[in-house]
Amino acid sequence: RPTISNSGSHPTEIIVTRGKNISLECEPQVPPHILGENALGDVKVKEKQSVTLTCEVTVSPTIVGVDSGSGPEDVAMVLNSPTSLVCEAYSYPPATITWFKDGTPLESNQNIRILPGGRTLQILNAQEDNAGRYSCVATNEAGEMVKHYEVKVYIPPIINKGDLLGPGLSPKEVKIKPLRSYDHVNIAANGHTLQIKETQISDTGRYTCVASNIAGEDELDFDVNIQVPPSFQKLWEMGNMLDTGRSGEAKDVIINNPISLYCETNAAPPPTLTWYKDGHPLTSSDRVLILPGGRVLQIPRAKAEDAGRYTCVAVNEAGEDSLRYDIRVL
C-alpha cells in the first residue's frame with residue numbers, strides 16, 4: 001500500500017492570508033497514478049480556517065519474479081504428485097488475479113484448486129494433461145501484469161515385463177556392474193537390446209536393465225544360464241588317430257584285477273550319468289561299484305563274464321553324449 005511523505009494521523013493545518021494563492025504538494029513514496037488531471041489547482045479558504053485535502057493514488061500491479069527481461073518460470077512435476085503456483089502481486093487498490101492455461105481461463109475443479117484471493121493455484125495430482133503454460137494475470141484500474149509458468153509433467157519409466165517374470169527371477173535381489181559394449185557383448189537400440197554373441201560359461205549371471213529419468217526408475221532382471229551339452233573326446237577321433245572302424249575305447253584287464261572306467265564331462269548344468277553294459281542299465285552291486293555322481297565305475301575283481309561293452313550316457317538340458325569302453329578280460 002503506498003504512503004505519502006510527512007503524512008500523520010491528523011490533517012496538516014495551513015494558515016494563509018485571505019485572497020492569496022496556495023499550492024499543496026502530495027508526494028507518495030510509490031510512483032503513483034493520480035486520478036484526474038494531475039495538475040495543481042487553486043484552493044481558496046477563509047482566514048484562520050483549516051482545510052483537508054485528499055489525494056487518491058493507484059499503483060499498477062507488480063508480480064514478484066517478473067521484470068522486463070524475464071521469461072516463464074519453469075515448474076517440473078512428477079506424475080501423481082502435487083505442486084503449487086504462487087502469484088505474489090502488489091498493487092493499490094489490490095489487484096484481481098485471474099489464471100489461464102494455454103490461453104483458456106481456469107477455474108477450480110477436481111484436480112486444480114485456486115485458493116481464495118487467487119494468489120495460489122494448486123495442482124493436486126499431476127497428470128499428463130496438466131502440462132502446459134499457466135498464466136497469472138493481476139489487474140486493477142491502474143494497469144495489469146502477467147506472469148507465465150511453464151509446467152512439465154515427468155513420467156517415471158515403466159518397463160513392460162510381459163511374461164518375463166518367471167521362476168528364478170527375483171527383481172532387486174542382485175545387481176551386476178554397469179555394462180558397456182565390449183568383445184562379444186553388444187548393447188544396441190539405445191540400450192533396449194543386449195546381445196551376447198558366442199556365449200561362454202563366464203556369461204552366466206544376472207543382467208539388470210535399469211530405465212531411469214528425473215521422475216524415477218524401473219528395472220528388469222534376467223537370469224542368464226549358459227548351458228553346455230555333454231561332449232566326450234574319443235581317443236579314436238583325435239587328430240590323425242581317427243579310426244572309423246572303432247566305436248569304443250579298448251581296455252584290457254587281467255582276471256581278478258581291478259579296473260576303473262571314467263566318465264568326465266564339463267557340461268553345464270552337470271549332466272545325469274547312466275552306465276550300461278551291453279545295452280542294459282547298471283547299478284552298484286558286489287561285482288560293480290558306481291561312485292556317487294556316476295563319474296567312475298569300478299570293477300574290484302574282474303571276471304571273464306565282466307568282459308563286454310560299457311557305455312556312459314551323459315544327459316542335461318542342452319543335449320547328450322555317450323562314452324563307450326570295450327573291456328577284455330585276459
# chains A, B, ... in the order shown; residues from 1 in each chain; ligands from 1
>>> select_by_dssp(residues="stretch 83-324 of chain A", states="helix (DSSP H, G or I)", output="compact mmCIF listing (two decimals) with N, CA and C atoms, in the first residue's frame")
# COMPACT_ATOMS: atom_id res chain seq x y z
N GLU A 128 -0.69 -36.09 -17.13
CA GLU A 128 -0.03 -35.64 -18.36
C GLU A 128 -0.69 -34.38 -18.91
N ASP A 129 -2.03 -34.31 -18.84
CA ASP A 129 -2.71 -33.15 -19.44
C ASP A 129 -2.59 -31.89 -18.59
N ASN A 130 -1.93 -31.98 -17.42
CA ASN A 130 -1.68 -30.76 -16.63
C ASN A 130 -0.47 -30.00 -17.13
N ALA A 189 20.18 -50.58 -29.99
CA ALA A 189 18.84 -49.95 -29.96
C ALA A 189 18.70 -49.01 -28.77
N ASN A 190 19.71 -48.15 -28.57
CA ASN A 190 19.67 -47.17 -27.48
C ASN A 190 19.48 -47.82 -26.11
N GLY A 191 20.09 -48.99 -25.96
CA GLY A 191 20.03 -49.66 -24.67
C GLY A 191 18.87 -50.61 -24.52
N ILE A 201 30.68 -69.76 -20.73
CA ILE A 201 30.26 -70.05 -19.36
C ILE A 201 30.36 -68.81 -18.49
N SER A 202 31.36 -67.98 -18.74
CA SER A 202 31.56 -66.78 -17.92
C SER A 202 30.45 -65.75 -18.10
N ASP A 203 29.61 -65.93 -19.13
CA ASP A 203 28.49 -65.00 -19.34
C ASP A 203 27.31 -65.33 -18.44
N LEU A 235 39.18 -90.99 -27.95
CA LEU A 235 40.58 -91.11 -28.35
C LEU A 235 40.71 -91.47 -29.83
N TRP A 236 39.76 -92.29 -30.32
CA TRP A 236 39.88 -92.71 -31.71
C TRP A 236 39.42 -91.64 -32.70
N GLU A 237 38.94 -90.50 -32.17
CA GLU A 237 38.52 -89.41 -33.04
C GLU A 237 39.52 -88.26 -33.00
N GLY A 239 42.60 -86.17 -33.90
CA GLY A 239 43.62 -85.91 -34.91
C GLY A 239 43.80 -87.04 -35.90
N ASN A 240 45.03 -87.46 -36.07
CA ASN A 240 45.37 -88.49 -37.05
C ASN A 240 45.02 -89.88 -36.55
N MET A 241 44.51 -89.98 -35.31
CA MET A 241 44.20 -91.30 -34.75
C MET A 241 42.78 -91.74 -35.11
N ALA A 304 35.75 -113.24 -16.14
CA ALA A 304 35.57 -113.39 -17.58
C ALA A 304 34.23 -112.82 -18.03
N GLU A 305 33.18 -113.02 -17.19
CA GLU A 305 31.86 -112.52 -17.56
C GLU A 305 31.74 -110.99 -17.49
N ASP A 306 32.77 -110.30 -16.95
CA ASP A 306 32.74 -108.84 -16.92
C ASP A 306 33.16 -108.23 -18.26
>>> residues_around(residues="A:Val153", least_positions_apart="4", cutoff="10 Å", atoms="only C-alpha atoms", output="list in words")
Val75, Ala76, Met77, Val78, Leu79, Asn80, Ser81, Ala126, Gln127, Glu128, Asp129, Asn130, Ala131, Gly132 and Ala215 of chain A
>>> closest_residue(among="A:Pro94, A:Gly162, A:Pro258, A:Pro157", to="A:Gln298", atoms="only C-alpha atoms")
A:Pro258
